[in-house]
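> This is the content of model-v8.cif (mmCIF, C-alpha atoms):
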```cif
data_upload
loop_
_atom_site.group_PDB
_atom_site.id
_atom_site.type_symbol
_atom_site.label_atom_id
_atom_site.label_comp_id
_atom_site.auth_asym_id
_atom_site.auth_seq_id
_atom_site.Cartn_x
_atom_site.Cartn_y
_atom_site.Cartn_z
ATOM 1 C CA MET A 688 -46.303 60.424 129.827
ATOM 2 C CA THR A 689 -46.336 56.842 128.627
ATOM 3 C CA SER A 690 -48.988 56.014 126.025
ATOM 4 C CA ALA A 691 -51.293 53.051 126.541
ATOM 5 C CA PRO A 692 -50.445 49.823 124.697
ATOM 6 C CA VAL A 693 -52.167 49.319 121.347
ATOM 7 C CA PRO A 694 -54.587 46.355 121.401
ATOM 8 C CA LEU A 695 -53.668 43.871 118.650
ATOM 9 C CA LEU A 696 -56.015 41.045 117.697
ATOM 10 C CA LEU A 697 -54.176 37.916 116.587
ATOM 11 C CA LEU A 698 -56.409 35.394 114.824
ATOM 12 C CA GLY A 699 -54.592 32.134 115.405
ATOM 13 C CA GLY A 700 -54.589 28.404 115.787
ATOM 14 C CA THR A 701 -51.418 27.821 113.758
ATOM 15 C CA THR A 702 -47.756 27.424 114.607
ATOM 16 C CA GLU A 703 -47.090 30.847 113.102
ATOM 17 C CA ALA A 704 -49.740 32.412 115.334
ATOM 18 C CA LEU A 705 -48.266 30.853 118.467
ATOM 19 C CA THR A 706 -44.776 32.047 117.577
ATOM 20 C CA LEU A 707 -46.096 35.528 116.844
ATOM 21 C CA ALA A 708 -47.952 35.648 120.159
ATOM 22 C CA GLU A 709 -44.798 34.679 122.024
ATOM 23 C CA ARG A 710 -42.709 37.262 120.198
ATOM 24 C CA LEU A 711 -45.274 40.054 120.414
ATOM 25 C CA ALA A 712 -45.772 39.458 124.137
ATOM 26 C CA GLU A 713 -42.347 41.052 124.571
ATOM 27 C CA HIS A 714 -43.427 44.234 122.736
ATOM 28 C CA PRO A 715 -44.027 47.001 125.320
ATOM 29 C CA GLY A 716 -46.309 48.983 123.020
ATOM 30 C CA LEU A 717 -48.823 46.197 122.375
ATOM 31 C CA GLU A 718 -51.570 44.350 124.196
ATOM 32 C CA VAL A 719 -52.040 41.078 122.289
ATOM 33 C CA ILE A 720 -55.387 39.289 122.274
ATOM 34 C CA SER A 721 -55.133 35.830 120.704
ATOM 35 C CA SER A 722 -58.303 34.324 119.280
ATOM 36 C CA MET A 723 -58.769 30.645 118.452
ATOM 37 C CA ALA A 724 -61.753 28.934 116.849
ATOM 38 C CA GLY A 725 -61.699 26.203 119.476
ATOM 39 C CA ARG A 726 -62.324 23.214 117.183
ATOM 40 C CA THR A 727 -58.924 21.755 118.013
ATOM 41 C CA MET A 728 -57.268 23.403 120.966
ATOM 42 C CA ALA A 729 -53.527 23.762 120.689
ATOM 43 C CA HIS A 730 -51.328 21.651 122.925
ATOM 44 C CA ARG A 731 -49.490 24.875 123.855
ATOM 45 C CA LEU A 732 -51.469 28.036 124.465
ATOM 46 C CA PRO A 733 -50.256 31.521 123.569
ATOM 47 C CA PRO A 734 -49.211 33.932 126.305
ATOM 48 C CA GLY A 735 -51.418 36.820 127.324
ATOM 49 C CA ARG A 736 -55.124 37.204 126.805
ATOM 50 C CA LEU A 737 -56.937 34.398 124.985
ATOM 51 C CA ARG A 738 -60.472 34.150 123.609
ATOM 52 C CA VAL A 739 -61.972 30.985 122.150
ATOM 53 C CA GLY A 740 -64.900 30.702 119.743
ATOM 54 C CA GLY A 741 -66.434 32.519 116.817
ATOM 55 C CA PHE A 742 -67.351 36.191 116.575
ATOM 56 C CA GLY A 743 -70.714 35.870 114.854
ATOM 57 C CA GLY A 744 -69.676 36.743 111.327
ATOM 58 C CA ALA A 745 -68.066 39.901 109.974
ATOM 59 C CA ALA A 746 -70.549 42.094 111.863
ATOM 60 C CA GLY A 747 -69.759 40.388 115.167
ATOM 61 C CA LEU A 748 -66.036 40.733 114.561
ATOM 62 C CA LYS A 749 -66.443 44.420 113.705
ATOM 63 C CA ALA A 750 -68.312 44.933 116.971
ATOM 64 C CA PHE A 751 -65.527 43.155 118.887
ATOM 65 C CA LEU A 752 -62.921 45.381 117.237
ATOM 66 C CA ALA A 753 -64.807 48.469 118.376
ATOM 67 C CA GLU A 754 -65.491 47.174 121.879
ATOM 68 C CA GLU A 755 -61.846 46.278 122.479
ATOM 69 C CA ARG A 756 -60.504 49.374 120.653
ATOM 70 C CA ILE A 757 -58.367 47.112 118.465
ATOM 71 C CA GLY A 758 -55.673 49.023 116.588
ATOM 72 C CA LEU A 759 -54.099 46.209 114.528
ATOM 73 C CA VAL A 760 -55.252 42.800 113.297
ATOM 74 C CA ILE A 761 -53.074 39.874 112.215
ATOM 75 C CA ASP A 762 -54.816 36.954 110.541
ATOM 76 C CA ALA A 763 -52.549 33.962 111.104
ATOM 77 C CA THR A 764 -55.261 31.326 110.735
ATOM 78 C CA HIS A 765 -54.928 28.124 108.708
ATOM 79 C CA PRO A 766 -54.720 28.577 104.917
ATOM 80 C CA PHE A 767 -58.055 26.735 104.639
ATOM 81 C CA ALA A 768 -59.831 28.887 107.243
ATOM 82 C CA ALA A 769 -61.386 30.907 104.439
ATOM 83 C CA THR A 770 -64.477 32.098 106.300
ATOM 84 C CA ILE A 771 -62.736 33.854 109.188
ATOM 85 C CA SER A 772 -60.210 35.383 106.777
ATOM 86 C CA ARG A 773 -63.024 36.860 104.679
ATOM 87 C CA HIS A 774 -64.772 38.136 107.787
ATOM 88 C CA ALA A 775 -61.553 39.713 109.055
ATOM 89 C CA ALA A 776 -60.962 41.446 105.722
ATOM 90 C CA THR A 777 -64.512 42.821 105.669
ATOM 91 C CA ALA A 778 -64.581 43.911 109.308
ATOM 92 C CA CYS A 779 -61.182 45.612 109.166
ATOM 93 C CA ALA A 780 -61.982 47.397 105.898
ATOM 94 C CA GLU A 781 -65.232 48.752 107.332
ATOM 95 C CA ALA A 782 -63.591 49.759 110.606
ATOM 96 C CA GLY A 783 -60.475 51.236 108.976
ATOM 97 C CA ILE A 784 -58.117 48.988 110.950
ATOM 98 C CA PRO A 785 -54.833 47.800 109.414
ATOM 99 C CA ARG A 786 -54.895 44.031 108.780
ATOM 100 C CA LEU A 787 -52.139 41.623 107.798
ATOM 101 C CA GLN A 788 -52.589 38.022 106.670
ATOM 102 C CA VAL A 789 -49.781 35.587 107.464
ATOM 103 C CA LEU A 790 -50.090 32.880 104.836
ATOM 104 C CA ARG A 791 -47.368 30.256 104.712
ATOM 105 C CA PRO A 792 -46.223 29.324 101.176
ATOM 106 C CA ALA A 793 -48.091 26.471 99.525
ATOM 107 C CA TRP A 794 -46.329 23.184 98.806
ATOM 108 C CA GLN A 795 -45.085 22.695 95.259
ATOM 109 C CA PRO A 796 -44.752 19.323 93.507
ATOM 110 C CA GLU A 797 -41.239 17.917 93.258
ATOM 111 C CA PRO A 798 -39.737 15.461 90.751
ATOM 112 C CA GLY A 799 -41.263 12.046 91.340
ATOM 113 C CA ASP A 800 -44.508 13.378 92.800
ATOM 114 C CA ARG A 801 -47.797 12.061 91.409
ATOM 115 C CA TRP A 802 -50.124 14.918 92.300
ATOM 116 C CA ILE A 803 -53.706 15.255 91.119
ATOM 117 C CA GLU A 804 -54.738 18.800 92.027
ATOM 118 C CA VAL A 805 -58.442 19.372 92.685
ATOM 119 C CA PRO A 806 -60.459 22.420 93.763
ATOM 120 C CA ASP A 807 -62.333 20.947 96.741
ATOM 121 C CA MET A 808 -63.142 17.858 98.807
ATOM 122 C CA ALA A 809 -65.988 16.743 96.552
ATOM 123 C CA ALA A 810 -63.600 16.632 93.602
ATOM 124 C CA ALA A 811 -61.030 14.819 95.753
ATOM 125 C CA ALA A 812 -63.558 12.108 96.626
ATOM 126 C CA ALA A 813 -64.612 11.790 92.987
ATOM 127 C CA ALA A 814 -60.985 11.205 91.940
ATOM 128 C CA LEU A 815 -60.341 8.288 94.298
ATOM 129 C CA PRO A 816 -62.097 5.340 92.580
ATOM 130 C CA GLY A 817 -59.692 5.612 89.657
ATOM 131 C CA LEU A 818 -56.618 5.773 91.894
ATOM 132 C CA ALA A 819 -57.129 3.213 94.649
ATOM 133 C CA ARG A 820 -58.942 -0.089 94.926
ATOM 134 C CA VAL A 821 -58.822 -0.736 98.667
ATOM 135 C CA VAL A 822 -57.190 1.761 101.104
ATOM 136 C CA VAL A 823 -56.882 5.570 101.047
ATOM 137 C CA PHE A 824 -55.225 7.795 103.651
ATOM 138 C CA LEU A 825 -57.107 11.011 104.472
ATOM 139 C CA ALA A 826 -54.918 13.713 106.013
ATOM 140 C CA ILE A 827 -57.591 16.425 106.013
ATOM 141 C CA GLY A 828 -58.758 16.619 109.630
ATOM 142 C CA ARG A 829 -62.289 15.824 110.753
ATOM 143 C CA GLN A 830 -64.410 18.699 109.462
ATOM 144 C CA GLU A 831 -64.735 17.734 105.798
ATOM 145 C CA LEU A 832 -65.162 13.962 105.741
ATOM 146 C CA ALA A 833 -68.737 13.809 104.429
ATOM 147 C CA PRO A 834 -67.810 13.864 100.688
ATOM 148 C CA PHE A 835 -65.886 10.603 101.215
ATOM 149 C CA ALA A 836 -68.852 8.650 102.559
ATOM 150 C CA GLY A 837 -70.033 5.781 100.426
ATOM 151 C CA LEU A 838 -66.987 5.315 98.197
ATOM 152 C CA PRO A 839 -67.497 1.810 96.806
ATOM 153 C CA GLY A 840 -64.939 -0.756 97.968
ATOM 154 C CA ILE A 841 -62.558 1.798 99.516
ATOM 155 C CA ARG A 842 -61.512 1.705 103.168
ATOM 156 C CA LEU A 843 -60.375 5.025 104.630
ATOM 157 C CA VAL A 844 -57.598 5.634 107.133
ATOM 158 C CA VAL A 845 -58.234 9.024 108.743
ATOM 159 C CA ARG A 846 -55.734 10.942 110.849
ATOM 160 C CA MET A 847 -56.885 13.646 113.243
ATOM 161 C CA VAL A 848 -55.505 15.436 116.277
ATOM 162 C CA GLU A 849 -58.367 14.710 118.667
ATOM 163 C CA ALA A 850 -60.874 11.884 118.922
ATOM 164 C CA PRO A 851 -64.194 12.698 117.262
ATOM 165 C CA THR A 852 -67.015 13.544 119.643
ATOM 166 C CA GLU A 853 -69.652 12.202 117.226
ATOM 167 C CA PRO A 854 -69.707 9.208 114.873
ATOM 168 C CA LEU A 855 -67.847 9.841 111.628
ATOM 169 C CA PRO A 856 -69.919 10.019 108.422
ATOM 170 C CA LEU A 857 -67.922 7.102 107.020
ATOM 171 C CA ALA A 858 -68.989 3.487 106.702
ATOM 172 C CA ASP A 859 -65.522 1.929 106.785
ATOM 173 C CA ALA A 860 -62.775 3.972 108.439
ATOM 174 C CA THR A 861 -59.775 3.507 110.690
ATOM 175 C CA VAL A 862 -58.984 6.544 112.878
ATOM 176 C CA ILE A 863 -55.420 7.436 113.836
ATOM 177 C CA LEU A 864 -54.945 10.065 116.559
ATOM 178 C CA ALA A 865 -51.661 11.958 116.234
ATOM 179 C CA ARG A 866 -50.231 15.457 116.189
ATOM 180 C CA GLY A 867 -47.386 16.601 113.945
ATOM 181 C CA PRO A 868 -44.645 17.226 113.194
ATOM 182 C CA TYR A 869 -44.047 13.849 111.595
ATOM 183 C CA ALA A 870 -40.892 12.232 110.187
ATOM 184 C CA ALA A 871 -40.807 10.840 106.655
ATOM 185 C CA ASP A 872 -39.666 7.396 107.842
ATOM 186 C CA HIS A 873 -42.571 7.286 110.286
ATOM 187 C CA GLU A 874 -45.024 8.215 107.549
ATOM 188 C CA GLU A 875 -43.611 5.641 105.159
ATOM 189 C CA ALA A 876 -43.909 2.934 107.806
ATOM 190 C CA LEU A 877 -47.493 3.965 108.499
ATOM 191 C CA PHE A 878 -48.355 3.765 104.784
ATOM 192 C CA ALA A 879 -46.809 0.301 104.575
ATOM 193 C CA ARG A 880 -48.551 -0.939 107.727
ATOM 194 C CA HIS A 881 -51.979 0.076 106.442
ATOM 195 C CA ALA A 882 -51.294 -0.809 102.787
ATOM 196 C CA ILE A 883 -52.107 2.748 101.700
ATOM 197 C CA GLU A 884 -52.652 3.131 97.947
ATOM 198 C CA ALA A 885 -53.384 6.866 97.707
ATOM 199 C CA LEU A 886 -53.225 9.999 99.852
ATOM 200 C CA VAL A 887 -55.628 12.939 100.106
ATOM 201 C CA SER A 888 -54.168 16.155 101.485
ATOM 202 C CA LYS A 889 -54.955 19.835 101.748
ATOM 203 C CA ASN A 890 -52.189 22.064 100.413
ATOM 204 C CA SER A 891 -51.553 23.505 103.854
ATOM 205 C CA GLY A 892 -47.859 24.264 103.372
ATOM 206 C CA GLY A 893 -45.344 24.364 106.217
ATOM 207 C CA ASP A 894 -43.040 21.740 107.670
ATOM 208 C CA ALA A 895 -45.181 20.025 110.321
ATOM 209 C CA THR A 896 -46.981 17.637 107.941
ATOM 210 C CA LEU A 897 -44.717 17.791 104.890
ATOM 211 C CA ALA A 898 -43.319 14.322 105.628
ATOM 212 C CA LYS A 899 -46.422 12.565 104.309
ATOM 213 C CA LEU A 900 -45.683 13.952 100.845
ATOM 214 C CA THR A 901 -42.091 12.732 101.048
ATOM 215 C CA ALA A 902 -43.321 9.279 102.056
ATOM 216 C CA ALA A 903 -45.849 9.208 99.218
ATOM 217 C CA ARG A 904 -43.118 10.161 96.742
ATOM 218 C CA ARG A 905 -40.836 7.398 98.021
ATOM 219 C CA ARG A 906 -43.595 4.822 97.636
ATOM 220 C CA GLY A 907 -44.795 6.126 94.292
ATOM 221 C CA LEU A 908 -48.284 6.837 95.609
ATOM 222 C CA PRO A 909 -50.731 9.238 93.956
ATOM 223 C CA VAL A 910 -51.601 12.313 96.006
ATOM 224 C CA VAL A 911 -54.933 14.055 95.578
ATOM 225 C CA MET A 912 -53.989 17.621 96.529
ATOM 226 C CA VAL A 913 -56.806 20.008 97.393
ATOM 227 C CA ARG A 914 -55.986 23.549 96.335
ATOM 228 C CA ARG A 915 -56.277 26.400 98.793
ATOM 229 C CA PRO A 916 -59.277 28.711 98.735
ATOM 230 C CA ASP A 917 -58.551 32.191 97.401
ATOM 231 C CA ALA A 918 -57.239 34.564 100.052
ATOM 232 C CA PRO A 919 -58.923 37.965 100.468
ATOM 233 C CA ALA A 920 -57.192 40.995 99.015
ATOM 234 C CA GLY A 921 -54.914 42.968 101.283
ATOM 235 C CA ALA A 922 -51.488 43.002 102.904
ATOM 236 C CA ARG A 923 -50.003 39.531 103.089
ATOM 237 C CA VAL A 924 -46.692 37.957 104.156
ATOM 238 C CA GLY A 925 -45.419 34.398 104.333
ATOM 239 C CA THR A 926 -43.300 34.355 107.482
ATOM 240 C CA VAL A 927 -43.314 35.370 111.133
ATOM 241 C CA THR A 928 -40.259 37.581 110.572
ATOM 242 C CA GLU A 929 -42.106 39.575 107.919
ATOM 243 C CA ALA A 930 -45.130 39.871 110.173
ATOM 244 C CA LEU A 931 -43.015 41.259 113.011
ATOM 245 C CA ALA A 932 -41.542 43.826 110.621
ATOM 246 C CA TRP A 933 -45.073 44.856 109.587
ATOM 247 C CA VAL A 934 -46.046 45.347 113.232
ATOM 248 C CA GLU A 935 -42.996 47.527 113.835
ATOM 249 C CA ALA A 936 -43.798 49.616 110.775
ATOM 250 C CA GLN A 937 -47.416 50.040 111.873
ATOM 251 C CA SER A 938 -46.414 50.838 115.455
ATOM 252 C CA GLY A 939 -44.180 53.649 114.280
ATOM 253 C CA ARG A 940 -46.599 55.176 111.803
#
```
Represent the structure contained in this file as structure tokens.

Amino acid sequence: MTSAPVPLLLLGGTTEALTLAERLAEHPGLEVISSMAGRTMAHRLPPGRLRVGGFGGAAGLKAFLAEERIGLVIDATHPFAATISRHAATACAEAGIPRLQVLRPAWQPEPGDRWIEVPDMAAAAAALPGLARVVVFLAIGRQELAPFAGLPGIRLVVRMVEAPTEPLPLADATVILARGPYAADHEEALFARHAIEALVSKNSGGDATLAKLTAARRRGLPVVMVRRPDAPAGARVGTVTEALAWVEAQSGR
């Protein structure tokens, strides 16, 4: 008698999550449910079942786990998606469900880099008046722009994947719509075209947006690098290959 597939909840929205969904779709012993926050829908959707939107906190996620009889959870959300990662850790601990976080390695400064590491966006905004007089490039998405409102004499160039649905909380900003991956030469040309004097970036890690750091290094620009929030305790890997190995180990337990 063949046993029923084990429902696996994959918290996604990243390249790693999409790759995992595609690989796990081939696993005969799993039923993969991919969940995305929905703020920026991916240009390529994962195979299989997909849900979009929040769960209603840790309690709502725990209820979903019970309702769907979830047997495994993989948190492959963005390194800065701290809230859902905390909720997943809490819900899985209370429900006794194995959970794995896939957290890509953070970027590390290289020779020639001019990084100013800060703990959050408010500190990033506070650092800018001493670094740039006219133009700053914000590569932080659209959710955390408010701390940069009202910077005296500084014009902001903001890159985001999708056009904002509401006015930005910025008095003087140029919006660039684009989706990575980017090439270093492209980024350097963009910096030159807009006369960029400083860059603000989250330490997201990965290859898709690494080129902006290479371009900043080439041009000798300061980079205000926002550190990642602390990840919740628990099992953690850095690559899709390691995550697949974890699934196999859990499936055979």
> Apply the PyMOL selection byres ((chain A and resi 879-882) around 9) to the displayed file and report the matching residues as a PDB file with C-alpha atoms, keeping the file's coordinate frame.

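Once written, part_8.pdb looks like this:
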```pdb
ATOM      1  CA  VAL A 821     -58.822  -0.736  98.667  1.00  0.00           C
ATOM      2  CA  VAL A 822     -57.190   1.761 101.104  1.00  0.00           C
ATOM      3  CA  VAL A 823     -56.882   5.570 101.047  1.00  0.00           C
ATOM      4  CA  PHE A 824     -55.225   7.795 103.651  1.00  0.00           C
ATOM      5  CA  VAL A 844     -57.598   5.634 107.133  1.00  0.00           C
ATOM      6  CA  GLU A 874     -45.024   8.215 107.549  1.00  0.00           C
ATOM      7  CA  GLU A 875     -43.611   5.641 105.159  1.00  0.00           C
ATOM      8  CA  ALA A 876     -43.909   2.934 107.806  1.00  0.00           C
ATOM      9  CA  LEU A 877     -47.493   3.965 108.499  1.00  0.00           C
ATOM     10  CA  PHE A 878     -48.355   3.765 104.784  1.00  0.00           C
ATOM     11  CA  ILE A 883     -52.107   2.748 101.700  1.00  0.00           C
ATOM     12  CA  GLU A 884     -52.652   3.131  97.947  1.00  0.00           C
ATOM     13  CA  ARG A 906     -43.595   4.822  97.636  1.00  0.00           C
TER      14      ARG A 906
END
```
> Starting from the shown file, work through the PyMOL selection byres ((chain A and resi 814) around 12) and note down what comes out as a ChimeraX atom specification.
/A:802-813,815-820,823,834-835,838,885-887,909-913
> If the PyMOL selection byres ((chain A and resi 712) around 12) is run on the structure shown, which residues does it catch, given as number ranges by chain?
A: 692, 694-695, 697, 704-711, 713-721, 733-736, 931
> Name the closest residue to Gly799 (chain A) among the candidates A:Met723, A:Leu698, A:Leu908, A:Val693; distances are taken between atoms, counting all atoms listed in the file.
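Checking each of A:Met723, A:Leu698, A:Leu908, A:Val693 against Gly799 (chain A), counting all atoms listed in the file, the winner is A:Leu908.
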> Which residue out of A:Ile841, A:Leu696, A:Ala768, A:Leu787 has the minimum interatomic distance to Ala922 (chain A) when all atoms listed in the file are used?
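For Ala922 (chain A), the nearest of the given residues is A:Leu787.
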> In Å, with one decimal, what is the gap from CA of Arg923 (chain A) to CA of Ala936 (chain A)?
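We find that CA of Arg923 (chain A) and CA of Ala936 (chain A) lie 14.1 Å from each other.
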> Show me the residues close to (-57.0, 14.4, 105.6) - anything with an atom within 6 Å, counting all atoms listed in the file - and format the list as a VMD selection string.
chain A and resid 825 to 828 887 to 888
> Could you state the separation of CA of Gly893 (chain A) and CA of Arg801 (chain A) in Å, given to one decimal place?
19.4 Å
> Between A:Pro916, A:Gly921, A:Gly744, A:Gly840, which is the closest to Ala778 (chain A) once you count all atoms listed in the file?
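So, comparing all the options, the nearest one is A:Gly744.
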